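*Asks:* The structure that follows is given in the form of structure tokens.
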Amino acid sequence: MHDEQPLVLDPTSADHHAEDRALRARGEATLVDILGVTAWSVSDPGLLKQLLTRTYVSKDARAHWPAFADTVQTWPLALWVTVDNMFTAYGSEHRRLRRLIAPALSARRIAALAPVVEDLVTGILDGLDALPAGEVVDLREHLAYPLPIAVIGRMMGLSSTQLNGLRTVVDRVFATTLSAEEAAANTATLYQLLDELVTAKRASPGNDMTSLLISARDEEGDGSALSDSELRGTLVLMISAGYETTVNVIDQAITSLLTDPEQLAHVRAGRCDWNEVVEETLRHEPALKHLPLRYALEDIPLPGGRTIRAGEAILASYAAANRHPDWHGDDADLFDATRTTKDHLAFGHGVHYCLGAPLARVEVAAALRQLFSRFPEARLAGTARELRPLPTLISNGHVALPVRLRPVTR
């Protein structure tokens, strides 16, 4: 037994910055309660990077989490530990699954998508440009969402009908206010939609990632394809990670720039560029606050005589780590696109580093560059304090982002 009482994480994440400060104040790692499951939240970037690169930490809950069987029936986040893909794989299985998926996100494919992304942003902004001056538009709903959804739809070969059907269900994967029953029902609906997609693609394959994954073979290994369970799980990963995270980064970047006009002035004066704004956003407000879960394969000693014991769960608390003063100084809480070092863990670290990171960066930079070029007088319609955070301890964005793109001309 551990002496310290777990810090109960707020499932609505009403003030995640205060919670992150509380996590850091309790040391490099501290016990937390995440919707009824006890885990070690790691907020120290040095320790977190160490744990993310060591073979004595696993993401395979079935194999390495003794509490798995007793937890998955009643835990609202069960999908995060039961889904069968590279996100929850360990060792050689992780390497096999990553090899199968990596070609779909190769540098060549991302480069080919860049002009497509630019055209998609232009089309979205053309629609916004037609709105009357002074009208308030929710840029989360009308820019941050449609861009990555259109990109992932094109990559995966999804029709607009399929995308619309998946969006609500995928959004609820990131929710942390659902009951276990509601979450299980949502997972069943998600899997049904993906099974229907696979059936359609098997009957009529195309030049898209879904068809590629269906036909993928591991040429470096034993030649095995993705199992049906792995295929379904991989589609969950590609679609959900492919847009939800990017939506949040676009949302947070726009919010930061409109909250502090001086940052926008830095870009326009050439003191930093859009890529630097993207990196500072990823550091300052990463798309995911906490990422469940990892598991200790052996006892891991911590400073101060504490120990993460073999079989205990570990929660990567990226938002808290990204703003750690030991990493980014006393001004770590400030958004500053001109800061010299913008290192972050927004895309993870080590063997599970996000394969989609280059594409996300392309999308966010294109959205920001075109938005502020087309609408140089854009302003928040209200104050930053009035923006409501998403009620989830995983996904880091706003419920809505109301912006007045052009003032009313007299």
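Note on naming: chains are A, B, ... as they come in the structure tokens, residues start from 1 per chain, ligands start from 1 in the order shown.
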Tell me, as a list in words, which residues lie within 9 Å of Ala366 in chain A, counting only C-alpha atoms; anything in the same chain fewer than 3 positions away does not count.
*Replies:*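 Neighbouring residues, sequence-local ones excluded: Ala114, Val117, Glu118, Val121, Trp274, Arg361, Val362, Glu363, Arg369, Gln370 and Leu371 of chain A.
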*Asks:* So that I can see what lies close to range 149-161 of chain A, please list as a ChimeraX atom specification the residues with an atom at most 8 Å from it, counting only C-alpha atoms and leaving out residues fewer than 6 positions away in the same chain.
*Replies:* /A:117,120,206-211,239,242-243
*Asks:* Kindly save the residues from that selection, with C-alpha atoms included, as a PDB file, in the first residue's frame.
*Replies:*
```
ATOM      1  CA  VAL A 117      -4.368  20.943 -47.289  1.00  0.00           C
ATOM      2  CA  LEU A 120      -8.968  22.778 -48.344  1.00  0.00           C
ATOM      3  CA  GLY A 206      -9.501   2.461 -53.517  1.00  0.00           C
ATOM      4  CA  ASN A 207      -6.238   4.381 -53.357  1.00  0.00           C
ATOM      5  CA  ASP A 208      -6.674   5.231 -49.698  1.00  0.00           C
ATOM      6  CA  MET A 209      -5.276   4.338 -46.294  1.00  0.00           C
ATOM      7  CA  THR A 210      -8.179   2.088 -45.319  1.00  0.00           C
ATOM      8  CA  SER A 211      -7.670  -0.062 -48.411  1.00  0.00           C
ATOM      9  CA  ILE A 239      -9.423   8.393 -37.495  1.00  0.00           C
ATOM     10  CA  GLY A 242      -6.129  11.979 -37.191  1.00  0.00           C
ATOM     11  CA  TYR A 243      -8.551  14.749 -36.490  1.00  0.00           C
TER      12      TYR A 243
END
```
*Asks:* At a cut-off of 8 Å, using only C-alpha atoms, what residues contact Asn275 in chain A? Leave out same-chain residues fewer than 2 positions from it and give the result as a ChimeraX atom specification.
*Replies:* /A:273,277-279,361,365
*Asks:* Next, write the just-selected residues to a file, as a PDB file, in the first residue's frame, keeping all heavy atoms as the atom set.
*Replies:*
```pdb
ATOM      1  N   ASP A 273       7.992  32.627 -37.018  1.00  0.00           N
ATOM      2  CA  ASP A 273       7.161  32.224 -38.159  1.00  0.00           C
ATOM      3  C   ASP A 273       6.014  31.333 -37.692  1.00  0.00           C
ATOM      4  O   ASP A 273       5.890  31.022 -36.502  1.00  0.00           O
ATOM      5  CB  ASP A 273       8.001  31.541 -39.245  1.00  0.00           C
ATOM      6  CG  ASP A 273       8.700  30.268 -38.741  1.00  0.00           C
ATOM      7  OD1 ASP A 273       8.186  29.632 -37.793  1.00  0.00           O
ATOM      8  OD2 ASP A 273       9.753  29.906 -39.301  1.00  0.00           O
ATOM      9  N   VAL A 277       4.902  29.278 -34.082  1.00  0.00           N
ATOM     10  CA  VAL A 277       3.616  29.412 -33.383  1.00  0.00           C
ATOM     11  C   VAL A 277       3.021  28.027 -33.122  1.00  0.00           C
ATOM     12  O   VAL A 277       2.501  27.754 -32.038  1.00  0.00           O
ATOM     13  CB  VAL A 277       2.631  30.275 -34.202  1.00  0.00           C
ATOM     14  CG1 VAL A 277       1.228  30.232 -33.592  1.00  0.00           C
ATOM     15  CG2 VAL A 277       3.130  31.707 -34.297  1.00  0.00           C
ATOM     16  N   VAL A 278       3.103  27.154 -34.127  1.00  0.00           N
ATOM     17  CA  VAL A 278       2.586  25.796 -33.965  1.00  0.00           C
ATOM     18  C   VAL A 278       3.303  25.082 -32.819  1.00  0.00           C
ATOM     19  O   VAL A 278       2.667  24.470 -31.954  1.00  0.00           O
ATOM     20  CB  VAL A 278       2.729  24.997 -35.279  1.00  0.00           C
ATOM     21  CG1 VAL A 278       2.326  23.535 -35.061  1.00  0.00           C
ATOM     22  CG2 VAL A 278       1.887  25.614 -36.393  1.00  0.00           C
ATOM     23  N   GLU A 279       4.642  25.169 -32.792  1.00  0.00           N
ATOM     24  CA  GLU A 279       5.400  24.467 -31.756  1.00  0.00           C
ATOM     25  C   GLU A 279       5.102  25.022 -30.360  1.00  0.00           C
ATOM     26  O   GLU A 279       4.989  24.265 -29.391  1.00  0.00           O
ATOM     27  CB  GLU A 279       6.902  24.543 -32.044  1.00  0.00           C
ATOM     28  CG  GLU A 279       7.333  23.795 -33.289  1.00  0.00           C
ATOM     29  CD  GLU A 279       6.823  22.371 -33.338  1.00  0.00           C
ATOM     30  OE1 GLU A 279       7.072  21.609 -32.377  1.00  0.00           O
ATOM     31  OE2 GLU A 279       6.156  22.018 -34.334  1.00  0.00           O
ATOM     32  N   ARG A 361       1.272  19.191 -38.144  1.00  0.00           N
ATOM     33  CA  ARG A 361       1.997  20.468 -38.247  1.00  0.00           C
ATOM     34  C   ARG A 361       1.663  21.190 -39.548  1.00  0.00           C
ATOM     35  O   ARG A 361       1.466  22.411 -39.556  1.00  0.00           O
ATOM     36  CB  ARG A 361       3.503  20.216 -38.149  1.00  0.00           C
ATOM     37  CG  ARG A 361       3.982  19.845 -36.742  1.00  0.00           C
ATOM     38  CD  ARG A 361       5.480  19.609 -36.713  1.00  0.00           C
ATOM     39  NE  ARG A 361       6.002  19.635 -35.357  1.00  0.00           N
ATOM     40  CZ  ARG A 361       6.541  18.598 -34.726  1.00  0.00           C
ATOM     41  NH1 ARG A 361       6.626  17.419 -35.350  1.00  0.00           N
ATOM     42  NH2 ARG A 361       7.000  18.710 -33.494  1.00  0.00           N
ATOM     43  N   ALA A 365      -0.311  24.897 -39.448  1.00  0.00           N
ATOM     44  CA  ALA A 365       0.394  26.051 -40.019  1.00  0.00           C
ATOM     45  C   ALA A 365      -0.388  26.639 -41.187  1.00  0.00           C
ATOM     46  O   ALA A 365      -0.506  27.867 -41.320  1.00  0.00           O
ATOM     47  CB  ALA A 365       1.801  25.641 -40.454  1.00  0.00           C
TER      48      ALA A 365
END
```
*Asks:* Running DSSP on the backbone, which parts of range 162-227 of chain A land in alpha helix (DSSP H), as JSON, numbers by chain?
*Replies:* {"A": [162, 163, 164, 165, 166, 167, 168, 169, 170, 171, 172, 173, 180, 181, 182, 183, 184, 185, 186, 187, 188, 189, 190, 191, 192, 193, 194, 195, 196, 197, 198, 199, 200, 201, 202, 203, 209, 210, 211, 212, 213, 214, 215]}
*Asks:* Atoms to include: C-alpha atoms. Write the selected residues as a PDB file, in the first residue's frame.
*Replies:*
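Listed below is the output, again-v4.pdb:
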```
ATOM      1  CA  GLN A 162     -19.370   8.096 -43.230  1.00  0.00           C
ATOM      2  CA  LEU A 163     -17.478  11.008 -41.688  1.00  0.00           C
ATOM      3  CA  ASN A 164     -20.635  12.547 -40.255  1.00  0.00           C
ATOM      4  CA  GLY A 165     -21.611   9.210 -38.758  1.00  0.00           C
ATOM      5  CA  LEU A 166     -18.223   8.731 -37.154  1.00  0.00           C
ATOM      6  CA  ARG A 167     -17.677  12.240 -35.819  1.00  0.00           C
ATOM      7  CA  THR A 168     -20.065  12.185 -32.864  1.00  0.00           C
ATOM      8  CA  VAL A 169     -19.011   8.688 -31.881  1.00  0.00           C
ATOM      9  CA  VAL A 170     -15.284   9.501 -32.091  1.00  0.00           C
ATOM     10  CA  ASP A 171     -15.790  12.706 -30.095  1.00  0.00           C
ATOM     11  CA  ARG A 172     -17.308  10.617 -27.306  1.00  0.00           C
ATOM     12  CA  VAL A 173     -14.219   8.384 -27.209  1.00  0.00           C
ATOM     13  CA  ALA A 180     -19.287   2.952 -18.138  1.00  0.00           C
ATOM     14  CA  GLU A 181     -22.540   1.846 -19.809  1.00  0.00           C
ATOM     15  CA  GLU A 182     -22.685   4.921 -22.053  1.00  0.00           C
ATOM     16  CA  ALA A 183     -19.038   4.495 -23.018  1.00  0.00           C
ATOM     17  CA  ALA A 184     -19.532   0.791 -23.810  1.00  0.00           C
ATOM     18  CA  ALA A 185     -22.545   1.584 -25.996  1.00  0.00           C
ATOM     19  CA  ASN A 186     -20.535   4.242 -27.800  1.00  0.00           C
ATOM     20  CA  THR A 187     -17.695   1.776 -28.414  1.00  0.00           C
ATOM     21  CA  ALA A 188     -20.164  -0.767 -29.838  1.00  0.00           C
ATOM     22  CA  THR A 189     -21.525   1.854 -32.233  1.00  0.00           C
ATOM     23  CA  LEU A 190     -18.006   2.889 -33.246  1.00  0.00           C
ATOM     24  CA  TYR A 191     -16.963  -0.678 -33.988  1.00  0.00           C
ATOM     25  CA  GLN A 192     -20.138  -1.310 -35.968  1.00  0.00           C
ATOM     26  CA  LEU A 193     -19.482   1.739 -38.155  1.00  0.00           C
ATOM     27  CA  LEU A 194     -15.875   0.666 -38.729  1.00  0.00           C
ATOM     28  CA  ASP A 195     -16.895  -2.903 -39.583  1.00  0.00           C
ATOM     29  CA  GLU A 196     -19.305  -1.507 -42.168  1.00  0.00           C
ATOM     30  CA  LEU A 197     -16.497   0.644 -43.570  1.00  0.00           C
ATOM     31  CA  VAL A 198     -14.142  -2.338 -43.850  1.00  0.00           C
ATOM     32  CA  THR A 199     -16.826  -4.425 -45.569  1.00  0.00           C
ATOM     33  CA  ALA A 200     -17.424  -1.662 -48.105  1.00  0.00           C
ATOM     34  CA  LYS A 201     -13.709  -1.181 -48.760  1.00  0.00           C
ATOM     35  CA  ARG A 202     -13.067  -4.886 -49.167  1.00  0.00           C
ATOM     36  CA  ALA A 203     -15.805  -4.974 -51.812  1.00  0.00           C
ATOM     37  CA  MET A 209      -5.276   4.338 -46.294  1.00  0.00           C
ATOM     38  CA  THR A 210      -8.179   2.088 -45.319  1.00  0.00           C
ATOM     39  CA  SER A 211      -7.670  -0.062 -48.411  1.00  0.00           C
ATOM     40  CA  LEU A 212      -3.909  -0.014 -47.811  1.00  0.00           C
ATOM     41  CA  LEU A 213      -4.354  -1.243 -44.240  1.00  0.00           C
ATOM     42  CA  ILE A 214      -6.766  -3.994 -45.338  1.00  0.00           C
ATOM     43  CA  SER A 215      -4.187  -5.320 -47.797  1.00  0.00           C
TER      44      SER A 215
END
```
*Asks:* Contacts between range 372-382 of chain A and range 33-140 of chain A, please, where a residue of range 33-140 of chain A counts if it comes within 10 Å (with only C-alpha atoms); show its shortest atom pair and distance in Å to one decimal, rows by chain and ascending number, as a tab-separated table.
*Replies:*
```
residue	atom	partner	partner_atom	distance
A:Thr122	CA	A:Arg374	CA	9.5
A:Leu125	CA	A:Arg374	CA	7.8
A:Asp126	CA	A:Arg374	CA	9.3
A:Leu128	CA	A:Phe375	CA	9.8
A:Asp129	CA	A:Arg374	CA	8.2
A:Gly134	CA	A:Ala381	CA	9.7
A:Glu135	CA	A:Ala381	CA	9.5
A:Val136	CA	A:Ala381	CA	6.7
A:Val137	CA	A:Ala381	CA	8.7
A:Asp138	CA	A:Ala381	CA	9.4
```
*Asks:* Selected residues, C-alpha atoms, written as a short mmCIF file (atom, residue, chain, number, x, y, z; two decimals), in the first residue's frame, please.
*Replies:*
```cif
data_model
loop_
_atom_site.label_atom_id
_atom_site.label_comp_id
_atom_site.auth_asym_id
_atom_site.auth_seq_id
_atom_site.Cartn_x
_atom_site.Cartn_y
_atom_site.Cartn_z
CA THR A 122 -8.77 28.15 -48.94
CA LEU A 125 -12.12 30.39 -45.68
CA ASP A 126 -13.94 31.25 -48.92
CA LEU A 128 -16.33 32.26 -44.11
CA ASP A 129 -15.45 35.23 -46.31
CA GLY A 134 -19.46 41.76 -37.87
CA GLU A 135 -21.00 38.31 -37.78
CA VAL A 136 -19.65 35.98 -35.11
CA VAL A 137 -18.46 32.57 -36.26
CA ASP A 138 -17.40 29.58 -34.17
#
```
*Asks:* Name the closest residue to Pro66 in chain A among the candidates A:Leu52, A:Ala39, A:Leu390, A:Ala313; distances are taken between atoms, counting only C-alpha atoms.
*Replies:* A:Ala313
*Asks:* Separation of CA of Gly36 in chain A and CA of His352 in chain A, in Å?
*Replies:*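 Separation between CA of Gly36 in chain A and CA of His352 in chain A: 25.7 Å.
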*Asks:* Out of A:Asp326, A:Glu285, A:Asp343, A:Asp333, which residue has the shortest atom-to-atom distance to Gly397 in chain A when counting only C-alpha atoms?
*Replies:* A:Glu285
*Asks:* If you run DSSP on this backbone, which residues of range 284-374 of chain A come out as strand (DSSP E or B), and could you give them as a PyMOL selection string?
*Replies:* chain A and resi 288+291-296+300-301+307-308+313-316
*Asks:* What's around Val72 in chain A at 12 Å? Count only C-alpha atoms, leave out sequence neighbours fewer than 4 positions away in its own chain, and write the answer as a list in words.
*Replies:*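 Contacts, with the query itself left out: Leu35, Gly36, Val37, Ala61, Arg62, Trp65, Pro66, Ala67, Phe68, Pro76, Leu77, Ala78, Leu79, Trp80, Val81, Thr82, Val83, Ala180, Glu181, Ala183 and Ala184 of chain A.
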*Asks:* Go ahead and save the picked residues with C-alpha atoms, as a PDB file, in the first residue's frame.
*Replies:*
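Result went into result27.pdb, see below:
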```pdb
ATOM      1  CA  LEU A  35     -12.361   7.966 -13.062  1.00  0.00           C
ATOM      2  CA  GLY A  36     -11.930   5.402 -10.308  1.00  0.00           C
ATOM      3  CA  VAL A  37      -8.623   3.894 -11.443  1.00  0.00           C
ATOM      4  CA  ALA A  61      -2.874  -3.759 -20.486  1.00  0.00           C
ATOM      5  CA  ARG A  62      -3.923  -7.362 -21.074  1.00  0.00           C
ATOM      6  CA  TRP A  65      -1.808  -4.693 -15.903  1.00  0.00           C
ATOM      7  CA  PRO A  66      -3.013  -7.067 -13.164  1.00  0.00           C
ATOM      8  CA  ALA A  67      -6.086  -4.869 -12.602  1.00  0.00           C
ATOM      9  CA  PHE A  68      -7.169  -5.211 -16.260  1.00  0.00           C
ATOM     10  CA  PRO A  76     -15.565   4.496 -18.668  1.00  0.00           C
ATOM     11  CA  LEU A  77     -12.169   4.658 -20.434  1.00  0.00           C
ATOM     12  CA  ALA A  78     -12.031   0.919 -21.108  1.00  0.00           C
ATOM     13  CA  LEU A  79     -11.652   1.466 -24.867  1.00  0.00           C
ATOM     14  CA  TRP A  80      -8.330   3.210 -24.262  1.00  0.00           C
ATOM     15  CA  VAL A  81      -6.833   0.008 -22.832  1.00  0.00           C
ATOM     16  CA  THR A  82      -8.781  -2.678 -24.734  1.00  0.00           C
ATOM     17  CA  VAL A  83      -8.477  -1.369 -28.296  1.00  0.00           C
ATOM     18  CA  ALA A 180     -19.287   2.952 -18.138  1.00  0.00           C
ATOM     19  CA  GLU A 181     -22.540   1.846 -19.809  1.00  0.00           C
ATOM     20  CA  ALA A 183     -19.038   4.495 -23.018  1.00  0.00           C
ATOM     21  CA  ALA A 184     -19.532   0.791 -23.810  1.00  0.00           C
TER      22      ALA A 184
END
```
*Asks:* Give the answer as one residue: which of A:Phe174, A:Phe335, A:Trp75, A:Phe347 has the shortest atom-to-atom distance to Leu257 in chain A, using only C-alpha atoms?
*Replies:*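 Under the stated criterion, the closest residue is A:Phe335.
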*Asks:* Suppose you want the space between CA of Asp228 in chain A and CA of Arg294 in chain A; what is it in Å?
*Replies:*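 Computing it gives 24.1 Å between the two atoms.
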*Asks:* Can you pull out the residues contacting Leu387 in chain A? Cut-off 9 Å, using only C-alpha atoms, and skip same-chain residues under 3 positions away; I want them as a ChimeraX atom specification.
*Replies:* /A:382-384,398-402
*Asks:* Store the residues of this selection in a file with C-alpha atoms, as a PDB file, in the first residue's frame.
*Replies:*
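Okay, out_11.pdb is ready:
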```
ATOM      1  CA  GLY A 382     -15.829  38.156 -25.945  1.00  0.00           C
ATOM      2  CA  THR A 383     -12.934  37.470 -23.595  1.00  0.00           C
ATOM      3  CA  ALA A 384     -10.648  34.466 -23.229  1.00  0.00           C
ATOM      4  CA  HIS A 398     -12.812  24.645 -26.137  1.00  0.00           C
ATOM      5  CA  VAL A 399     -16.511  23.917 -26.451  1.00  0.00           C
ATOM      6  CA  ALA A 400     -16.697  26.787 -28.946  1.00  0.00           C
ATOM      7  CA  LEU A 401     -14.383  29.497 -30.265  1.00  0.00           C
ATOM      8  CA  PRO A 402     -16.530  32.522 -31.193  1.00  0.00           C
TER       9      PRO A 402
END
```
*Asks:* Hey, which of A:Ala225, A:Ile300, A:Ile394, A:Leu113 ends up closest to Ala360 in chain A? Count only C-alpha atoms.
*Replies:*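 Ranked by minimum distance to Ala360 in chain A, first place goes to A:Leu113.
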*Asks:* Could you tell me which of A:Gly311, A:Pro103, A:Pro6, A:Gly270 comes closest to Ala63 in chain A if we count only C-alpha atoms?
*Replies:*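 Selected residue with least distance to Ala63 in chain A: A:Gly311.
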